[in-house]
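A short write-up of the structure that comes next.
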Amino acid sequence: MQKRILTNAQVHSFSLDDQPADTVVIEEGHISAIGKASEIIPQFSGSAKIENLRQSILMPSFTDAHIHLLTYGLSLQRVNVEVPTKQSCLDRIADHVKNTDQGKWIIGHGWDQNIWAGGYGSKKDLDKVSTQHPIYLTHKSLHSGWANSFALKLAGINHNTPNPQGGTIQRGTSGDPTGILLESAMRIIESVIPEPNISEQETAILKAQTELHRYGITAVHDFDPWSVFKTLNNLRVNDELFLRITKGIPESFLDKAIRKKLKSGSGNDWIKIGWLKLFSDGALGARTAAMLAPYKNSQSLGMLFLSREEIAAYGEKALPHGIGLAVHAIGDRANQETLLAMSDLKKTGLLKMSTLKSRIEHAQLIQEEDIKLFTELGVTASMQPLHAVSDKKMADAYWGERCVHSYAWSSILQSGAQMIFGSDAPVESPNPFYGLHAAVSRKQLGYASKNEPGWIPGQCLNLQDALRAYISTPPTVGGFGKIIGKIKLGYAADFMLLPQNFFDLPPDNIQFILPLATMVNGKWMYKNDNINIDI
């Protein structure tokens, strides 16, 4: 690999010992020198390619700290039904039916009944589109699904099918399934959908990789099924994988992981073992998030999938083998139960037995008095800024006054806790600039009023804190802290180039930015069509 000198740059290193620099030297994919051009270029220019960045900002690239990589890649090939009305959703499916052979599955993603005037759809709605194709559409949150009669029949779901543990088959007044499936009931349908083979998985992941590079993302914490691990390794062996991945362990794979002696944080410079992924509750959109008090205008407390004792039991099984925990928790009860379980595990000395610190995923609603537990326990808060602006109307409608403690980024950071940001793609777009905009403004995308504050503005972050939650903290949490996340001697050259005025932009304009280019291990993997820099 040819030696490169990137010069005439605004270098933002994200390193505590940051020294003014405008030039970086890259050898064999790693940083071999940083400093001023007048000092660096005479030493290295003889055998190097010099690239003039014309005062663009050079920064470490992003890590998406919570993504479903294969699912995101597949979603790029599926019908996008994230649309404002039920009818427009049905119209999109109808268009797809015209070009799909009878009997073939039609899969879509992104619907949200909370924004539809008529609420949930039904199997009858989809049956009007086609009874000759099994149709299955996943909710934006991935916590509910919508199927037609053909798909229900293939899955064996009928009047007599019982609700599975941790899930609900929505039924009409006669007891017949309506076509809406909540939480674990979705698995009944998904179990009969043909699994993508290795080749299809590779294609989907490479599509995802291309998109992520376009957003300046070069590393992810992945929480998809364990079958993805083999695919990732195949891609790396074939020199096609240019993402650094911390791969989560599904609960169903825990016993095998223990037998294989997998440990959180082990691996190489590209793929590392992550955390045991557990679900303590459901989601806000489906009102299955577990609550301490009922949802507004309801008697429902949501669904608690795992209690304090059950989470602790998983910890007692996994942590002695060096496997940390990553627990999905949305509602205030789920977060409280999870934090108390972590407290129990700390008292027995187990919590520290994983190289990678345990974490809570989403942490959307937390009682004020529970926030301090993140710091006291050393538990990481893994959060997704776009969820706040996407969920605003639902949260206000379902949680009411409790929202003052929701998506509490500033409170968590001020408590001294470690916080990381991701997207939960395909639930939300993986575009980190959308996330940064949400983090600093708490305004919906496209909203550009400078005078009106965002939703619960006291929880807004400044841009530097938001960037750290996307750039420098996630690699430390995910086992890559000595490899990426900083522009520092010996670190990998995983960079992005941003427009030279990025830090001067009004907060409302951050959402419109994309990188000029993205580098992975010293190789430019993406260049914006409008870039005017010769690299």
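Quick note on naming: the chains in the structure tokens go A, B, ... in the order shown, residues restart at 1 in each chain, and ligands are numbered from 1 in order of appearance.
Counting only C-alpha atoms, Arg236 of chain A has the following residues at most 12 Å away, ignoring those fewer than 4 positions along the same chain: A:Glu202, A:Ile205, A:Leu206, A:Phe229, A:Lys230, A:Thr231, A:Leu232, A:Glu240, A:Leu241, A:Phe242, A:Leu243, A:Arg244, A:Ile245, A:Asn268, A:Asp269, A:Trp270, A:Ile271.
Among A:Pro515, A:Gly285, A:Pro475, A:Gly378, the residue with the shortest atom-to-atom distance to Lys393 of chain A, counting only C-alpha atoms, is A:Gly285.
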For this session: Just the residues within 8 Å of segment 41-57 of chain A, please, counting only C-alpha atoms, with nothing from its chain fewer than 5 positions along; format it as a VMD selection string.
Result: chain A and resid 2 to 12 25 497 to 500 502 533 to 535
Exercise. Distance atom CA of His139 of chain A-atom CA of Val97 of chain A, one decimal place?
Worked result: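 So the answer is 19.5 Å.
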Problem set entry | Non-local contacts of Lys527 of chain A (9 Å; only C-alpha atoms; under 2 positions in same chain excluded) as a PyMOL selection string | chain A and resi 214+515-518+524-525+529-531+535
I need the chosen residues saved as a compact mmCIF listing (two decimals), in the first residue's frame, with N, CA and C atoms.
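Here's the written file again.txt:
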```txt
# COMPACT_ATOMS: atom_id res chain seq x y z
N ARG A 214 -20.99 5.92 2.95
CA ARG A 214 -21.49 7.20 2.44
C ARG A 214 -21.80 8.16 3.58
N PRO A 515 -20.46 13.43 4.41
CA PRO A 515 -19.00 13.51 4.24
C PRO A 515 -18.61 13.76 2.78
N LEU A 516 -17.48 14.39 2.60
CA LEU A 516 -16.89 14.53 1.28
C LEU A 516 -16.23 13.22 0.85
N ALA A 517 -15.71 12.49 1.84
CA ALA A 517 -15.05 11.22 1.56
C ALA A 517 -14.91 10.43 2.86
N THR A 518 -14.76 9.11 2.71
CA THR A 518 -14.58 8.21 3.87
C THR A 518 -13.43 7.27 3.58
N TRP A 524 -9.42 5.12 0.50
CA TRP A 524 -10.65 5.87 0.30
C TRP A 524 -11.73 4.93 -0.23
N MET A 525 -12.79 4.73 0.58
CA MET A 525 -13.87 3.81 0.22
C MET A 525 -15.07 4.54 -0.37
N ASP A 529 -19.80 12.77 -4.95
CA ASP A 529 -19.75 13.17 -6.36
C ASP A 529 -19.38 14.64 -6.54
N ASN A 530 -19.66 15.44 -5.51
CA ASN A 530 -19.41 16.87 -5.62
C ASN A 530 -18.07 17.31 -5.05
N ILE A 531 -17.26 16.34 -4.67
CA ILE A 531 -15.98 16.68 -4.04
C ILE A 531 -15.07 17.36 -5.06
N ILE A 535 -8.16 13.38 -4.54
CA ILE A 535 -7.68 12.29 -3.66
C ILE A 535 -7.86 10.95 -4.36
```
For this session: as a ChimeraX atom specification, list the residues of segment 373-530 of chain A assigned to alpha helix (DSSP H) by DSSP on the backbone atoms of this structure.
Result: /A:373-377,385-399,409-414,432-441,463-470,473-477
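Checking A:Ser441, A:Gln102, A:Ser472, A:Gln77 one by one against Phe421 of chain A, counting only C-alpha atoms, you find the shortest gap at A:Ser472.
Considering the residues A:Gly172, A:Pro134, A:Pro60, A:Pro196 and counting only C-alpha atoms, Ile487 of chain A has its shortest atom-to-atom contact with A:Pro60.
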Problem set entry | Residue contacts of Trp226 of chain A (10 Å, only C-alpha atoms) excluding same-chain residues fewer than 3 positions away, as JSON, numbers by chain | {"A": [222, 223, 229, 230, 231, 247, 248, 249, 250, 251, 252, 253, 257]}
Atoms to include: all heavy atoms. Write the selected residues as a tab-separated table (two decimals), in the first residue's frame.
```
chain	number	residue	atom	x	y	z
A	222	ASP	N	-23.11	-4.68	16.13
A	222	ASP	CA	-24.19	-5.37	15.42
A	222	ASP	C	-24.97	-6.29	16.35
A	222	ASP	O	-24.38	-7.05	17.11
A	222	ASP	CB	-23.63	-6.18	14.25
A	222	ASP	CG	-24.70	-6.99	13.56
A	222	ASP	OD1	-25.71	-6.39	13.14
A	222	ASP	OD2	-24.54	-8.22	13.44
A	223	PHE	N	-26.32	-6.24	16.25
A	223	PHE	CA	-27.16	-7.07	17.10
A	223	PHE	C	-28.11	-7.95	16.28
A	223	PHE	O	-29.23	-8.24	16.71
A	223	PHE	CB	-27.94	-6.19	18.08
A	223	PHE	CG	-27.04	-5.56	19.12
A	223	PHE	CD1	-26.59	-4.26	18.98
A	223	PHE	CD2	-26.62	-6.30	20.22
A	223	PHE	CE1	-25.75	-3.69	19.92
A	223	PHE	CE2	-25.78	-5.73	21.17
A	223	PHE	CZ	-25.34	-4.43	21.02
A	229	PHE	N	-22.28	-13.88	11.70
A	229	PHE	CA	-20.86	-13.95	12.05
A	229	PHE	C	-20.07	-14.69	10.98
A	229	PHE	O	-18.99	-14.24	10.56
A	229	PHE	CB	-20.70	-14.64	13.41
A	229	PHE	CG	-19.30	-14.64	13.94
A	229	PHE	CD1	-18.75	-13.50	14.51
A	229	PHE	CD2	-18.52	-15.79	13.89
A	229	PHE	CE1	-17.45	-13.50	15.00
A	229	PHE	CE2	-17.22	-15.79	14.38
A	229	PHE	CZ	-16.69	-14.64	14.94
A	230	LYS	N	-20.60	-15.80	10.50
A	230	LYS	CA	-19.91	-16.58	9.46
A	230	LYS	C	-19.81	-15.77	8.18
A	230	LYS	O	-18.77	-15.76	7.51
A	230	LYS	CB	-20.65	-17.88	9.21
A	230	LYS	CG	-20.00	-18.76	8.15
A	230	LYS	CD	-20.75	-20.07	7.97
A	230	LYS	CE	-20.09	-20.94	6.90
A	230	LYS	NZ	-20.83	-22.21	6.69
A	231	THR	N	-20.89	-15.08	7.84
A	231	THR	CA	-20.89	-14.26	6.63
A	231	THR	C	-19.84	-13.16	6.72
A	231	THR	O	-19.12	-12.88	5.76
A	231	THR	CB	-22.28	-13.65	6.40
A	231	THR	OG1	-23.25	-14.70	6.41
A	231	THR	CG2	-22.35	-12.91	5.08
A	247	LYS	N	-19.66	-7.91	17.31
A	247	LYS	CA	-20.83	-8.74	17.00
A	247	LYS	C	-21.50	-9.25	18.27
A	247	LYS	O	-20.92	-10.02	19.03
A	247	LYS	CB	-20.41	-9.94	16.13
A	247	LYS	CG	-21.55	-10.86	15.75
A	247	LYS	CD	-22.40	-10.24	14.66
A	247	LYS	CE	-23.73	-10.93	14.52
A	247	LYS	NZ	-24.72	-10.55	15.55
A	248	GLY	N	-22.73	-8.80	18.51
A	248	GLY	CA	-23.48	-9.23	19.68
A	248	GLY	C	-23.86	-10.70	19.62
A	248	GLY	O	-23.94	-11.30	18.54
A	249	ILE	N	-24.11	-11.27	20.80
A	249	ILE	CA	-24.48	-12.69	20.92
A	249	ILE	C	-25.96	-12.78	21.27
A	249	ILE	O	-26.38	-12.32	22.34
A	249	ILE	CB	-23.65	-13.37	22.03
A	249	ILE	CG1	-22.16	-13.27	21.71
A	249	ILE	CG2	-24.08	-14.82	22.23
A	249	ILE	CD1	-21.25	-13.73	22.86
A	250	PRO	N	-26.80	-13.37	20.41
A	250	PRO	CA	-28.21	-13.54	20.76
A	250	PRO	C	-28.37	-14.51	21.93
A	250	PRO	O	-27.54	-15.41	22.14
A	250	PRO	CB	-28.83	-14.13	19.48
A	250	PRO	CG	-27.83	-13.89	18.40
A	250	PRO	CD	-26.49	-13.86	19.06
A	251	GLU	N	-29.44	-14.36	22.69
A	251	GLU	CA	-29.70	-15.24	23.84
A	251	GLU	C	-29.73	-16.70	23.41
A	251	GLU	O	-29.24	-17.58	24.12
A	251	GLU	CB	-31.01	-14.83	24.51
A	251	GLU	CG	-31.33	-15.59	25.78
A	251	GLU	CD	-32.00	-16.94	25.54
A	251	GLU	OE1	-32.68	-17.06	24.49
A	251	GLU	OE2	-31.83	-17.86	26.36
A	252	SER	N	-30.28	-16.97	22.22
A	252	SER	CA	-30.40	-18.36	21.74
A	252	SER	C	-29.04	-19.01	21.49
A	252	SER	O	-28.95	-20.24	21.40
A	252	SER	CB	-31.23	-18.40	20.45
A	252	SER	OG	-30.61	-17.61	19.45
A	253	PHE	N	-27.98	-18.20	21.37
A	253	PHE	CA	-26.65	-18.73	21.07
A	253	PHE	C	-25.76	-18.78	22.31
A	253	PHE	O	-24.62	-19.22	22.24
A	253	PHE	CB	-25.98	-17.88	19.99
A	253	PHE	CG	-24.75	-18.50	19.37
A	253	PHE	CD1	-24.86	-19.55	18.48
A	253	PHE	CD2	-23.49	-18.03	19.69
A	253	PHE	CE1	-23.73	-20.14	17.92
A	253	PHE	CE2	-22.35	-18.59	19.14
A	253	PHE	CZ	-22.47	-19.66	18.24
A	257	ALA	N	-21.99	-20.25	22.70
A	257	ALA	CA	-20.92	-19.27	22.89
A	257	ALA	C	-20.04	-19.66	24.07
A	257	ALA	O	-18.80	-19.53	24.02
A	257	ALA	CB	-21.52	-17.89	23.11
```
For this session: Return the single residue from A:Leu16, A:Ile93, A:Ile193, A:Ala65 that is closest to Ala219 of chain A, with distances computed using only C-alpha atoms.
Result: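 Using only C-alpha atoms, the shortest distance to Ala219 of chain A belongs to A:Ala65.
Nearest residue to Ser382 of chain A, choosing from A:Glu28, A:Asp64, A:Glu200, A:Glu368 and counting only C-alpha atoms: A:Asp64.
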For this session: Extract, using only C-alpha atoms, all DNA, RNA and protein residues at most 12 Å from Ala204 of chain A, discarding same-chain residues fewer than 4 positions from it, and format them as a list in words.
Result: His68, Leu69, Leu70, Thr71, Tyr72, Gly73, Leu74, Ser75, Leu76, Gln77, Arg78, Pro196, Asn197, Ile198, Ser199, Glu200, Ala208, Gln209, Thr210, Glu211, Val228, Thr231, Leu232 and Leu235 of chain A
Would you mind exporting N, CA and C atoms of the selected residues as a compact mmCIF listing (two decimals), in the first residue's frame?
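Ended up saving to part-v7.txt:
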```txt
# COMPACT_ATOMS: atom_id res chain seq x y z
N HIS A 68 -28.64 -3.26 13.21
CA HIS A 68 -28.94 -4.63 12.78
C HIS A 68 -28.44 -4.71 11.34
N LEU A 69 -27.20 -5.13 11.18
CA LEU A 69 -26.48 -4.94 9.92
C LEU A 69 -27.12 -5.69 8.76
N LEU A 70 -27.35 -6.99 8.93
CA LEU A 70 -27.96 -7.76 7.84
C LEU A 70 -29.38 -7.27 7.59
N THR A 71 -30.14 -7.05 8.66
CA THR A 71 -31.52 -6.59 8.51
C THR A 71 -31.56 -5.26 7.78
N TYR A 72 -30.62 -4.38 8.09
CA TYR A 72 -30.54 -3.11 7.39
C TYR A 72 -30.23 -3.33 5.92
N GLY A 73 -29.27 -4.19 5.63
CA GLY A 73 -28.93 -4.49 4.24
C GLY A 73 -30.11 -5.07 3.48
N LEU A 74 -30.83 -5.99 4.12
CA LEU A 74 -32.01 -6.57 3.48
C LEU A 74 -33.10 -5.53 3.29
N SER A 75 -33.22 -4.61 4.24
CA SER A 75 -34.27 -3.58 4.14
C SER A 75 -34.05 -2.69 2.92
N LEU A 76 -32.80 -2.57 2.47
CA LEU A 76 -32.53 -1.77 1.29
C LEU A 76 -33.08 -2.43 0.03
N GLN A 77 -33.40 -3.74 0.14
CA GLN A 77 -33.95 -4.49 -0.98
C GLN A 77 -35.46 -4.70 -0.84
N ARG A 78 -36.02 -4.34 0.31
CA ARG A 78 -37.43 -4.60 0.58
C ARG A 78 -38.30 -3.39 0.26
N PRO A 196 -32.31 -15.94 4.05
CA PRO A 196 -31.36 -15.64 2.97
C PRO A 196 -30.14 -16.55 3.08
N ASN A 197 -29.68 -17.07 1.95
CA ASN A 197 -28.50 -17.93 1.99
C ASN A 197 -27.24 -17.06 2.15
N ILE A 198 -26.10 -17.72 2.23
CA ILE A 198 -24.85 -16.99 2.48
C ILE A 198 -24.61 -15.93 1.40
N SER A 199 -24.84 -16.30 0.16
CA SER A 199 -24.62 -15.36 -0.94
C SER A 199 -25.54 -14.15 -0.81
N GLU A 200 -26.81 -14.39 -0.47
CA GLU A 200 -27.76 -13.29 -0.30
C GLU A 200 -27.40 -12.42 0.90
N ALA A 208 -25.25 -2.68 2.58
CA ALA A 208 -25.26 -1.90 3.81
C ALA A 208 -23.93 -1.18 3.99
N GLN A 209 -22.83 -1.88 3.75
CA GLN A 209 -21.50 -1.29 3.90
C GLN A 209 -21.34 -0.06 3.01
N THR A 210 -21.79 -0.16 1.76
CA THR A 210 -21.69 0.97 0.84
C THR A 210 -22.45 2.18 1.37
N GLU A 211 -23.65 1.95 1.89
CA GLU A 211 -24.44 3.05 2.44
C GLU A 211 -23.78 3.65 3.68
N VAL A 228 -24.92 -14.28 11.05
CA VAL A 228 -24.20 -13.21 10.34
C VAL A 228 -22.69 -13.32 10.58
N THR A 231 -20.89 -15.08 7.84
CA THR A 231 -20.89 -14.26 6.63
C THR A 231 -19.84 -13.16 6.72
N LEU A 232 -19.75 -12.50 7.87
CA LEU A 232 -18.77 -11.44 8.06
C LEU A 232 -17.35 -11.98 7.89
N LEU A 235 -16.56 -12.56 4.24
CA LEU A 235 -16.28 -11.30 3.55
C LEU A 235 -14.88 -10.79 3.89
```
For this session: For each of A:His321, A:Arg171, A:Lys86, A:His387, take the minimum atom-to-atom distance to Pro430 of chain A, counting only C-alpha atoms, then give the residue where this is smallest.
Result: A:His387
Problem set entry | Coordinates-based distance that separates atom CA of Met303 of chain A from atom CA of Ala469 of chain A (Å, one decimal) |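 Atom CA of Met303 of chain A lies at a distance of 29.6 Å from atom CA of Ala469 of chain A.
Of note, atom CA of Ile115 of chain A and atom CA of Asp424 of chain A are spaced 20.0 Å apart.
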